[in-house]
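As stored in final-v5.cif (mmCIF, C-alpha atoms and all ligand atoms):
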data_query
loop_
_atom_site.label_atom_id
_atom_site.label_comp_id
_atom_site.auth_asym_id
_atom_site.auth_seq_id
_atom_site.Cartn_x
_atom_site.Cartn_y
_atom_site.Cartn_z
CA MET A 264 118.08 94.02 48.86
CA LYS A 265 118.86 90.40 48.12
CA VAL A 266 116.43 88.16 46.21
CA THR A 267 116.75 84.37 46.25
CA MET A 268 114.75 82.28 43.84
CA LEU A 269 113.62 79.38 46.01
CA GLY A 270 111.71 77.68 43.20
CA CYS A 271 110.87 78.41 39.58
CA ALA A 272 108.64 75.51 38.47
CA THR A 273 105.06 75.37 37.42
CA SER A 274 102.60 73.48 39.64
CA THR A 275 103.94 69.97 38.85
CA GLY A 276 107.57 70.73 39.62
CA VAL A 277 110.26 69.65 37.14
CA PRO A 278 110.99 66.80 36.61
CA ILE A 279 107.38 65.67 36.48
CA VAL A 280 106.85 62.32 38.21
CA GLY A 281 106.89 59.57 35.57
CA CYS A 282 107.88 61.80 32.63
CA ASN A 283 110.58 60.58 30.22
CA CYS A 284 111.06 63.81 28.26
CA SER A 285 114.57 65.21 27.74
CA VAL A 286 114.14 68.04 30.29
CA CYS A 287 112.72 65.74 32.99
CA GLN A 288 115.57 63.29 32.33
CA SER A 289 118.24 66.02 32.07
CA ASP A 290 121.31 65.99 34.34
CA ASN A 291 121.51 69.78 34.35
CA PRO A 292 120.75 70.96 37.93
CA LYS A 293 119.19 74.09 36.40
CA ASN A 294 116.45 71.87 34.96
CA LYS A 295 115.48 70.68 38.47
CA ARG A 296 112.78 73.08 39.56
CA THR A 297 110.72 73.21 42.74
CA ARG A 298 107.43 75.10 42.99
CA SER A 299 107.60 78.90 42.49
CA SER A 300 108.55 81.12 45.40
CA ILE A 301 111.10 83.83 46.19
CA PHE A 302 112.77 85.05 49.38
CA ILE A 303 113.65 88.73 49.89
CA GLN A 304 116.09 90.12 52.45
CA LYS A 305 115.90 93.87 52.97
CA ASP A 306 116.93 95.95 56.00
CA ASP A 307 117.15 92.82 58.16
CA ILE A 308 113.56 91.91 57.29
CA ASN A 309 112.98 88.52 55.63
CA ILE A 310 109.99 88.28 53.32
CA LEU A 311 108.74 85.15 51.63
CA ILE A 312 106.50 85.33 48.57
CA ASP A 313 104.11 82.34 48.69
CA SER A 314 104.44 79.21 50.83
CA SER A 315 105.00 76.71 48.04
CA THR A 316 104.40 72.98 48.23
CA ASP A 317 108.21 72.68 48.53
CA LEU A 318 108.66 75.27 51.31
CA ARG A 319 110.32 72.91 53.79
CA SER A 320 113.02 71.68 51.40
CA GLN A 321 113.50 75.20 49.99
CA THR A 322 114.16 76.71 53.42
CA LEU A 323 116.54 73.87 54.34
CA THR A 324 118.45 74.11 51.05
CA ASN A 325 118.82 77.89 51.35
CA ASN A 326 119.51 77.91 55.09
CA ILE A 327 116.54 80.19 55.86
CA THR A 328 115.91 80.38 59.60
CA ARG A 329 113.74 83.47 59.92
CA ILE A 330 110.60 84.60 58.09
CA ASN A 331 109.05 87.92 59.14
CA ALA A 332 106.22 88.07 56.62
CA VAL A 333 104.62 86.17 53.76
CA LEU A 334 103.14 87.87 50.70
CA TYR A 335 100.65 85.64 48.90
CA THR A 336 100.12 86.04 45.16
CA HIS A 337 97.05 83.75 45.06
CA SER A 338 95.60 80.61 46.58
CA HIS A 339 96.47 77.92 44.04
CA ALA A 340 97.89 74.78 45.64
CA ASP A 341 101.44 75.21 44.31
CA HIS A 342 101.66 78.66 45.98
CA THR A 343 100.07 77.80 49.33
CA HIS A 344 100.42 74.13 50.26
CA GLY A 345 103.61 74.63 52.27
CA ILE A 346 101.59 76.80 54.68
CA ASP A 347 101.74 74.31 57.55
CA ASP A 348 105.55 74.40 57.49
CA LEU A 349 105.41 78.05 58.57
CA ARG A 350 104.74 76.52 62.01
CA THR A 351 108.45 75.73 62.34
CA PHE A 352 109.24 79.43 61.97
CA ASN A 353 106.70 80.28 64.70
CA PHE A 354 108.68 77.97 66.99
CA ILE A 355 112.21 79.02 66.13
CA ASN A 356 111.48 82.75 65.77
CA ARG A 357 109.04 82.79 68.72
CA MET A 358 106.56 84.98 66.87
CA GLU A 359 103.43 84.96 64.77
CA ILE A 360 103.89 85.57 61.05
CA SER A 361 102.09 88.37 59.22
CA CYS A 362 100.68 87.26 55.88
CA PHE A 363 99.30 89.54 53.19
CA ALA A 364 97.03 88.84 50.20
CA ASN A 365 94.10 90.30 48.28
CA GLU A 366 90.54 89.67 49.43
CA LEU A 367 89.91 86.72 47.10
CA THR A 368 93.08 84.99 48.27
CA VAL A 369 92.44 85.69 51.96
CA ASN A 370 88.97 84.13 51.63
CA ASN A 371 90.26 81.12 49.69
CA ILE A 372 93.15 80.48 52.12
CA LYS A 373 90.78 80.71 55.13
CA ASN A 374 88.46 78.27 53.40
CA ASN A 375 91.13 75.85 52.14
CA PHE A 376 93.01 75.77 55.48
CA LYS A 377 90.09 76.19 57.87
CA TYR A 378 91.92 74.36 60.67
CA ILE A 379 94.53 77.16 60.86
CA PHE A 380 92.01 79.94 61.36
CA ASP A 381 89.14 78.27 63.29
CA ASN A 382 90.44 79.20 66.79
CA ILE A 383 89.94 75.60 67.91
CA PRO A 384 93.02 74.33 69.77
CA SER A 385 94.66 71.40 68.03
CA ALA A 386 96.83 68.76 69.71
CA GLY A 387 98.88 68.54 66.52
CA GLY A 388 99.64 72.26 66.64
CA LYS A 389 99.05 74.68 63.81
CA PRO A 390 100.75 77.70 62.31
CA ARG A 391 100.13 81.05 63.99
CA LEU A 392 99.45 83.41 61.10
CA ILE A 393 97.94 86.88 60.94
CA LEU A 394 96.31 87.07 57.53
CA LYS A 395 95.61 90.59 56.28
CA THR A 396 93.94 91.92 53.14
CA VAL A 397 95.93 94.43 51.12
CA ASN A 398 94.93 96.34 48.04
CA ARG A 399 97.22 99.35 48.00
CA LYS A 400 100.78 100.33 48.90
CA PHE A 401 101.63 99.45 52.52
CA ARG A 402 104.59 99.16 54.86
CA PHE A 403 105.73 96.10 56.71
CA GLU A 404 108.27 97.29 59.29
CA SER A 405 110.67 99.40 57.20
CA VAL A 406 109.78 97.81 53.87
CA GLU A 407 107.41 99.53 51.44
CA ILE A 408 105.40 97.01 49.42
CA THR A 409 103.16 97.70 46.44
CA PRO A 410 100.60 95.03 45.53
CA ILE A 411 100.10 94.89 41.76
CA ASP A 412 96.85 93.55 40.25
CA ILE A 413 97.47 91.06 37.44
CA ASN A 414 95.25 88.64 35.51
CA HIS A 415 95.51 84.89 36.08
CA ALA A 416 92.85 83.50 33.70
CA ASN A 417 89.59 84.92 35.16
CA TRP A 418 91.09 85.84 38.55
CA ILE A 419 92.73 89.07 39.60
CA ILE A 420 95.73 88.01 41.68
CA LEU A 421 98.66 89.98 43.09
CA GLY A 422 102.17 90.61 41.95
CA TYR A 423 104.37 92.65 44.31
CA ARG A 424 106.82 95.51 43.86
CA ILE A 425 109.45 96.18 46.52
CA GLY A 426 111.85 98.99 45.65
CA ASN A 427 112.93 98.47 42.06
CA MET A 428 112.11 94.76 42.01
CA ALA A 429 108.79 93.25 40.98
CA TYR A 430 107.55 89.66 41.07
CA LEU A 431 104.70 88.64 38.75
CA THR A 432 104.06 84.93 38.68
CA ASP A 433 101.06 83.12 37.16
CA CYS A 434 100.36 86.14 34.98
CA SER A 435 98.13 86.02 31.91
CA GLY A 436 97.70 89.78 31.52
CA ILE A 437 98.75 93.11 33.03
CA PRO A 438 96.00 95.75 33.42
CA SER A 439 97.02 99.26 32.30
CA GLU A 440 96.78 100.67 35.86
CA SER A 441 99.36 98.07 36.88
CA VAL A 442 101.66 98.86 33.95
CA LYS A 443 102.08 102.35 35.46
CA LYS A 444 103.28 100.79 38.74
CA LEU A 445 105.89 98.69 36.96
CA GLN A 446 108.04 101.45 35.46
CA ASN A 447 111.79 101.96 36.14
CA LEU A 448 112.43 98.47 37.45
CA ASP A 449 115.95 97.13 37.93
CA LEU A 450 114.61 93.59 38.17
CA LEU A 451 111.39 91.98 36.96
CA ILE A 452 110.71 88.32 37.75
CA ILE A 453 107.86 87.11 35.55
CA GLY A 454 106.16 83.80 34.81
CA ALA A 455 106.66 82.03 31.44
CA LEU A 456 105.08 78.57 31.42
CA ARG A 457 106.05 77.10 28.04
CA TYR A 458 106.32 77.97 24.33
CA SER A 459 102.66 77.33 23.45
CA PRO A 460 99.85 79.58 24.71
CA HIS A 461 97.89 78.82 27.90
CA THR A 462 94.78 80.55 29.25
CA ALA A 463 96.20 81.19 32.73
CA HIS A 464 99.90 81.87 32.05
CA PHE A 465 102.11 83.87 29.71
CA SER A 466 104.01 81.82 27.18
CA VAL A 467 107.71 82.63 26.69
CA GLU A 468 106.81 84.91 23.76
CA GLN A 469 104.15 86.77 25.78
CA ALA A 470 106.49 87.17 28.76
CA VAL A 471 109.18 88.61 26.48
CA GLU A 472 106.59 91.02 24.98
CA ALA A 473 105.57 92.15 28.48
CA ILE A 474 109.24 92.64 29.43
CA GLU A 475 109.87 94.67 26.28
CA MET A 476 106.86 96.84 27.12
CA LEU A 477 107.86 97.39 30.79
CA LYS A 478 111.60 97.79 30.03
CA PRO A 479 113.17 96.61 33.30
CA LYS A 480 116.99 96.62 33.32
CA LYS A 481 116.99 92.86 33.85
CA ALA A 482 114.29 90.18 33.74
CA VAL A 483 114.22 86.62 35.04
CA LEU A 484 111.68 83.99 33.97
CA THR A 485 109.94 81.75 36.49
CA HIS A 486 107.02 79.25 36.83
CA MET A 487 108.50 77.20 33.99
CA GLY A 488 107.24 73.84 32.81
CA HIS A 489 109.13 70.82 31.49
CA GLU A 490 108.87 72.11 27.93
CA LEU A 491 111.64 74.60 28.77
CA ASP A 492 115.26 73.44 28.82
CA TYR A 493 117.46 75.95 30.68
CA ASP A 494 120.38 76.02 28.21
CA ILE A 495 118.23 76.09 25.07
CA LEU A 496 115.93 78.80 26.45
CA LYS A 497 118.86 80.95 27.63
CA LYS A 498 120.29 81.05 24.09
CA GLN A 499 116.92 82.04 22.63
CA LEU A 500 116.32 85.00 24.94
CA PRO A 501 117.45 88.63 24.50
CA LYS A 502 120.54 89.53 26.56
CA ASN A 503 118.74 91.22 29.47
CA ILE A 504 116.37 88.25 30.02
CA VAL A 505 117.47 84.99 31.64
CA PRO A 506 115.64 81.88 32.77
CA GLY A 507 115.61 81.53 36.54
CA TYR A 508 116.92 78.50 38.39
CA ASP A 509 116.44 77.25 41.93
CA GLY A 510 118.91 78.91 44.30
CA MET A 511 119.59 81.87 41.97
CA LYS A 512 120.57 84.98 43.95
CA ILE A 513 120.17 88.52 42.68
CA ASN A 514 121.23 91.74 44.39
CA VAL A 515 119.02 94.74 43.72
CA LYS A 516 120.08 98.30 44.58
CA ASP A 517 118.00 99.83 47.42
ZN ZN A 601 101.28 78.50 39.97
ZN ZN A 602 108.94 65.98 31.14
ZN ZN A 603 98.07 79.79 39.73
#
As structure tokens, what does this structure read like?
Ligand SMILES: [Zn+2]
Ligand SMILES: [Zn+2]
Ligand SMILES: [Zn+2]
Amino acid sequence: MKVTMLGCATSTGVPIVGCNCSVCQSDNPKNKRTRSSIFIQKDDINILIDSSTDLRSQTLTNNITRINAVLYTHSHADHTHGIDDLRTFNFINRMEISCFANELTVNNIKNNFKYIFDNIPSAGGKPRLILKTVNRKFRFESVEITPIDINHANWIILGYRIGNMAYLTDCSGIPSESVKKLQNLDLLIIGALRYSPHTAHFSVEQAVEAIEMLKPKKAVLTHMGHELDYDILKKQLPKNIVPGYDGMKINVKD
């Protein structure tokens, strides 16, 4: 299984428009972050997690020409607003795309993007998506996927485990039932917004605590804000934890 980090920024992206801070002004390409999303290739099946605001540029940059399914973590704008660009994949792949989310997210997406799901023909065209609710382990084609409940402020949203890889973005807490589903991981990708606490996201310190509790072999941080400089953060982290960067590729044993 191959995992590509398409984007690892918080909702604003980094650099933030108009910001003069050292990270936003940095020349380091690893400090240029698009909105959080990953792409998973397993058994010839291509799975996207979230359709970020930057989906079009992410798929062009990474030469992605086929998407079989989309797993949605939640309905916040940064994780969904690329949804209309899935239309291109309907054209080039000549198929509808199966999308999976929990009930809250399905309802919010249907409400936020009513035009996609209203069955009214549109001259402008619209994506053809089959949006399904998931709350327990399921299979898409040959791929076994485990939705993982996590806290995101007062919402329960989904992380996902596929094989020995798990993706938990926008996480502010991990319920104990979910901790059990996150054992023996080779790779954990987890959100870490900034150094100071936030009600809806783990800080770097809280993400590191969660990683030390779950004990994956390797962990990668994502959903990072402009407070976090790649090189500085990398030096501060324990050896098995690294900050993510856009375009990062990780192979995980099947
Ligand atoms: Zn987010
Ligand atoms: Zn900045
Ligand atoms: Zn969010």
- prompt: Which neighbours of Lys295 in chain A fall inside 7 Å, counting all atoms listed in the file, when residues of the same chain fewer than 3 positions from it are skipped, and could you give them as a PyMOL selection string?
  reply: chain A and resi 277-278+292
statement: Min atom-atom distance to Ser289 in chain A from the set A:Val471, A:Ile504, A:Leu491, A:Leu450, counting only C-alpha atoms, belongs to A:Leu491
- request: Provide the CA of Gly488 in chain A to CA of Thr273 in chain A distance in Å, to one decimal place.
  value: 5.3 Å
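Excluding Gln499 in chain A itself and same-chain residues fewer than 6 positions from it, the residues having an atom within 12 Å of it are Tyr458, Val467, Glu468, Val471, Leu491, Asp492, Tyr493, Val505 and Pro506 of chain A, counting all atoms listed in the file.
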For the residues selected in the previous step, produce a file with C-alpha atoms as an mmCIF file, keeping the file's coordinate frame.
data_model
loop_
_atom_site.group_PDB
_atom_site.id
_atom_site.type_symbol
_atom_site.label_atom_id
_atom_site.label_comp_id
_atom_site.auth_asym_id
_atom_site.auth_seq_id
_atom_site.Cartn_x
_atom_site.Cartn_y
_atom_site.Cartn_z
ATOM 1 C CA TYR A 458 106.320 77.970 24.330
ATOM 2 C CA VAL A 467 107.710 82.630 26.690
ATOM 3 C CA GLU A 468 106.810 84.910 23.760
ATOM 4 C CA VAL A 471 109.180 88.610 26.480
ATOM 5 C CA LEU A 491 111.640 74.600 28.770
ATOM 6 C CA ASP A 492 115.260 73.440 28.820
ATOM 7 C CA TYR A 493 117.460 75.950 30.680
ATOM 8 C CA VAL A 505 117.470 84.990 31.640
ATOM 9 C CA PRO A 506 115.640 81.880 32.770
#
With a distance cut-off of 9 Å and all atoms listed in the file, select the neighbouring residues of Cys434 in chain A, excluding the residue or stretch itself and same-chain residues fewer than 6 positions from it, and output the selection as a PDB file with C-alpha atoms, in the frame of the given file.
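Okay, around.pdb is ready:
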ATOM      1  CA  ILE A 413      97.470  91.060  37.440  1.00  0.00           C
ATOM      2  CA  ASN A 414      95.250  88.640  35.510  1.00  0.00           C
ATOM      3  CA  HIS A 415      95.510  84.890  36.080  1.00  0.00           C
ATOM      4  CA  ALA A 416      92.850  83.500  33.700  1.00  0.00           C
ATOM      5  CA  ILE A 420      95.730  88.010  41.680  1.00  0.00           C
ATOM      6  CA  GLY A 422     102.170  90.610  41.950  1.00  0.00           C
ATOM      7  CA  ILE A 453     107.860  87.110  35.550  1.00  0.00           C
ATOM      8  CA  GLY A 454     106.160  83.800  34.810  1.00  0.00           C
ATOM      9  CA  ALA A 455     106.660  82.030  31.440  1.00  0.00           C
ATOM     10  CA  ALA A 463      96.200  81.190  32.730  1.00  0.00           C
ATOM     11  CA  HIS A 464      99.900  81.870  32.050  1.00  0.00           C
ATOM     12  CA  PHE A 465     102.110  83.870  29.710  1.00  0.00           C
ATOM     13  CA  ALA A 470     106.490  87.170  28.760  1.00  0.00           C
TER      14      ALA A 470
END
field: range 311-322 of chain A environment, 10 Å, only C-alpha atoms, sequence neighbours closer than 3 positions dropped, as an NGL selection string
entry: :A and (266-270 or 274-276 or 297-304 or 325-349 or 351 or 362-364 or 422-423 or 430 or 509-510)
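The interatomic distance for the pair CA of Gly388 in chain A and CA of Phe403 in chain A works out to 26.5 Å.
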task: May I have the residues within 7 Å of Arg350 in chain A as a PyMOL selection string, using all atoms listed in the file and disregarding those fewer than 3 positions away in the same chain?
output: chain A and resi 347+353-354+389-391
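Where the distance criterion is 6 Å and the atoms used are all atoms listed in the file, the residues close to ligand ZN 602 (chain A) are A:Pro278, A:Ile279, A:Cys282, A:Asn283, A:Cys284, A:Val286, A:Cys287, A:His489.
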Restrict the selected residues to C-alpha atoms and save them as a CSV table (one decimal), in the coordinates of the input.
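This went into out-v5.csv:
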chain,number,residue,atom,x,y,z
A,278,PRO,CA,111.0,66.8,36.6
A,279,ILE,CA,107.4,65.7,36.5
A,282,CYS,CA,107.9,61.8,32.6
A,283,ASN,CA,110.6,60.6,30.2
A,284,CYS,CA,111.1,63.8,28.3
A,286,VAL,CA,114.1,68.0,30.3
A,287,CYS,CA,112.7,65.7,33.0
A,489,HIS,CA,109.1,70.8,31.5
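Proximity of A:Met511, A:Ile411, A:Ile425, A:Ile495 to Ser285 in chain A, computed with all atoms listed in the file, is greatest for A:Ile495.
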query: Between A:Cys271, A:Val483, A:Leu448, A:Val397, which has the minimum distance to ligand ZN 601 (chain A) (counting only C-alpha atoms and all ligand atoms)?
result: A:Cys271
Atomic separation - CA of Glu490 in chain A relative to CA of Leu456 in chain A, Å: 8.3 Å
message: Nearest residue to ligand ZN 603 (chain A) out of A:Val280, A:Leu484, A:Leu496, A:Ile419, using only C-alpha atoms and all ligand atoms?
response: A:Ile419
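Distance check against ligand ZN 601 (chain A) using all atoms listed in the file: of A:Asn371, A:Asp494, A:Met487, A:Asp433, the minimum falls on A:Asp433.
Distance annotation: of A:Asn370, A:Thr409, A:Ser361, A:Asn356, the residue with the minimal separation from Ile393 in chain A is A:Ser361; atom set is all atoms listed in the file.
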